[in-house]
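Trainee: Submitted below is the structure of interest, expressed as structure tokens.
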Amino acid sequence: MVDMTGPTATPPERRADRADRADRAEPIRLLAIRDTPLSVDEVFAAVGHERAGGTALFVGTVRDHDGPAKGPAVTSLAYSAHPSAEAELRRVAEKIVADFPVEALAAVHRVGDLGVGDLAVIVAVACPHRGEAFDAARRLIDDLKREVPIWKHQSFADGTQEWVGACA
């Protein structure tokens, strides 16, 4: 028998998994943009699920440099968000849930003034298997950074400042 579904079609086992998940609780457990410190424990707890064999967690922190270490040291960041940012974050999360066998998902991003070492963003995804969790979490953070209107303003040790991605 010839497979007429094509290489990009959803495999039957994934279609069945999505149908099964449709009867369960909402997989998007926590989405927020906050001006208060973030908690890895809160995000990890939000994605706990008995059907998940793999949970991938990503934590983005403020680092002391931007790009090549030759430039001046970063001393702080200030994040700001458009009023539509939470709605856009939900849209991104819903796409991840539609594209991967997600049992539970959480994403939080900080706004306001942050220092070196502060947590800026945390995402976590729980899936039946580790590979799916890794893939879904990578796509979640990449899409969040690319599509959610949150902007970063950097301050440097030499007194200069810049908006990151303002010329992109």
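Within each chain, counting starts at residue 1; across the structure tokens, chains are named A, B, ... in the order shown, with ligands numbered 1 upward in that order.
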Would you give me, as JSON, numbers by chain, the residues in chain A that DSSP reads as alpha helix (DSSP H)?

Mentor: {"A": [12, 13, 14, 15, 16, 17, 18, 19, 20, 21, 22, 40, 41, 42, 43, 44, 45, 46, 85, 86, 87, 88, 89, 90, 91, 92, 93, 94, 95, 96, 97, 98, 99, 130, 131, 132, 133, 134, 135, 136, 137, 138, 139, 140, 141, 142, 143, 144, 145, 146, 147]}

Trainee: Taking 5 positions as the minimum chain separation for residues in the same chain, which residues sit within 6 Å of segment 101-106 of chain A when counting only C-alpha atoms? Answer as an MDAnalysis selection string.

Mentor: chainID A and resid 27:31 47 123:127

Trainee: Just the selected residues (N, CA, C and O atoms), exported as a compact mmCIF listing (two decimals), in the first residue's frame, please.

Mentor:
```
# COMPACT_ATOMS: atom_id res chain seq x y z
N PRO A 27 -3.89 22.79 28.13
CA PRO A 27 -2.45 22.60 28.31
C PRO A 27 -1.69 23.90 28.60
O PRO A 27 -0.60 23.86 29.15
N ILE A 28 -2.25 25.05 28.24
CA ILE A 28 -1.58 26.31 28.53
C ILE A 28 -1.90 26.68 29.97
O ILE A 28 -3.00 27.10 30.30
N ARG A 29 -0.92 26.47 30.84
CA ARG A 29 -1.14 26.59 32.28
C ARG A 29 -0.78 27.95 32.85
O ARG A 29 -1.36 28.38 33.84
N LEU A 30 0.22 28.62 32.26
CA LEU A 30 0.69 29.88 32.82
C LEU A 30 1.29 30.72 31.70
O LEU A 30 2.22 30.26 31.03
N LEU A 31 0.76 31.90 31.50
CA LEU A 31 1.31 32.88 30.57
C LEU A 31 1.27 34.22 31.28
O LEU A 31 0.23 34.60 31.80
N VAL A 47 3.85 23.14 34.87
CA VAL A 47 3.82 22.19 33.76
C VAL A 47 3.89 20.73 34.21
O VAL A 47 3.98 19.84 33.37
N VAL A 123 10.49 29.64 29.98
CA VAL A 123 9.48 28.85 29.28
C VAL A 123 9.68 27.39 29.67
O VAL A 123 10.79 26.95 29.92
N ALA A 124 8.57 26.66 29.71
CA ALA A 124 8.63 25.22 29.99
C ALA A 124 7.53 24.53 29.21
O ALA A 124 6.42 25.06 29.06
N VAL A 125 7.87 23.35 28.71
CA VAL A 125 6.91 22.54 27.96
C VAL A 125 7.05 21.09 28.41
O VAL A 125 8.17 20.56 28.49
N ALA A 126 5.92 20.47 28.71
CA ALA A 126 5.89 19.05 29.06
C ALA A 126 5.18 18.29 27.95
O ALA A 126 4.09 18.68 27.51
N CYS A 127 5.82 17.24 27.48
CA CYS A 127 5.29 16.41 26.39
C CYS A 127 5.48 14.93 26.76
O CYS A 127 6.21 14.61 27.70
```

Trainee: I'd like the contact shell of segment 141-145 of chain A - 8 Å cut-off, only C-alpha atoms, skipping same-chain residues fewer than 6 positions apart - returned as a list in words.

Mentor: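 Close residues of segment 141-145 of chain A: Phe58, Leu89, Val92 and Val123 of chain A.
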
Trainee: Provide the atom CA of Gln154 of chain A to atom CA of Arg63 of chain A distance in Å, to one decimal place.

Mentor: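 That distance, rounded to one decimal, is 10.7 Å.
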
Trainee: Here is a test: counting only C-alpha atoms, which residue of A:Ala25, A:Ala32, A:Val97, A:Val59 is nearest to Ala120 of chain A?

Mentor: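 Using only C-alpha atoms, the shortest distance to Ala120 of chain A belongs to A:Val59.
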
Trainee: Check the smallest atom-to-atom distance from each of A:Glu94, A:Asp64, A:Asp113, A:Glu88 to Thr36 of chain A using only C-alpha atoms, then report the winner.

Mentor: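 Going through A:Glu94, A:Asp64, A:Asp113, A:Glu88 one by one, the smallest distance to Thr36 of chain A is for A:Asp113.
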
Trainee: Pick the closest to Ser39 of chain A from A:Ala56, A:Pro149, A:Asp118, A:Ala137: which is it, counting only C-alpha atoms?

Mentor: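 Looking at the shortest contact to Ser39 of chain A, the residue is A:Asp118.
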
Trainee: Quick one: residues within 10 Å of Arg130 of chain A, only C-alpha atoms counted, chain neighbours fewer than 4 positions away excluded, as a ChimeraX atom specification?

Mentor: /A:52-56,125-126,134-136

Trainee: Given the selection you just returned, output its residues as a file containing N, CA, C and O atoms, formatted as a compact mmCIF listing (two decimals), in the first residue's frame.

Mentor:
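As written to disk, result.txt reads:
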```
# COMPACT_ATOMS: atom_id res chain seq x y z
N ALA A 52 3.39 13.32 31.03
CA ALA A 52 4.61 13.86 30.44
C ALA A 52 5.82 13.01 30.81
O ALA A 52 6.11 12.83 31.99
N GLY A 53 6.51 12.53 29.80
CA GLY A 53 7.76 11.82 30.02
C GLY A 53 8.97 12.72 29.89
O GLY A 53 10.08 12.36 30.25
N GLY A 54 8.74 13.93 29.38
CA GLY A 54 9.83 14.89 29.23
C GLY A 54 9.33 16.31 29.46
O GLY A 54 8.27 16.68 28.98
N THR A 55 10.10 17.05 30.22
CA THR A 55 9.81 18.47 30.44
C THR A 55 11.07 19.25 30.11
O THR A 55 12.14 18.96 30.65
N ALA A 56 10.93 20.21 29.21
CA ALA A 56 12.05 21.07 28.84
C ALA A 56 11.79 22.46 29.39
O ALA A 56 10.71 23.01 29.22
N VAL A 125 7.87 23.35 28.71
CA VAL A 125 6.91 22.54 27.96
C VAL A 125 7.05 21.09 28.41
O VAL A 125 8.17 20.56 28.49
N ALA A 126 5.92 20.47 28.71
CA ALA A 126 5.89 19.05 29.06
C ALA A 126 5.18 18.29 27.95
O ALA A 126 4.09 18.68 27.51
N PHE A 134 11.85 19.09 24.00
CA PHE A 134 12.95 19.96 23.57
C PHE A 134 12.55 20.78 22.34
O PHE A 134 12.77 22.00 22.30
N ASP A 135 11.96 20.12 21.34
CA ASP A 135 11.58 20.81 20.12
C ASP A 135 10.53 21.89 20.38
O ASP A 135 10.61 23.00 19.86
N ALA A 136 9.53 21.56 21.18
CA ALA A 136 8.46 22.51 21.47
C ALA A 136 8.98 23.70 22.28
O ALA A 136 8.61 24.85 22.02
```

Trainee: Which residues come within 6 Å of Asp35 of chain A, counting only C-alpha atoms, excluding same-chain residues fewer than 5 positions away, as a list in words?

Mentor: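 These residues fall inside the cut-off: Arg110, Val111 and Gly112 of chain A.
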
Trainee: Between A:Ala157, A:Val164, A:Ala107, A:Ala45, which is the closest to Ser76 of chain A once you count only C-alpha atoms?

Mentor: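 The answer is A:Ala157, which sits nearest to Ser76 of chain A.
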
Trainee: To one decimal place, how far is atom CA of Ala73 of chain A from atom CA of Ile150 of chain A in Å?

Mentor: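 So the answer is 22.2 Å.
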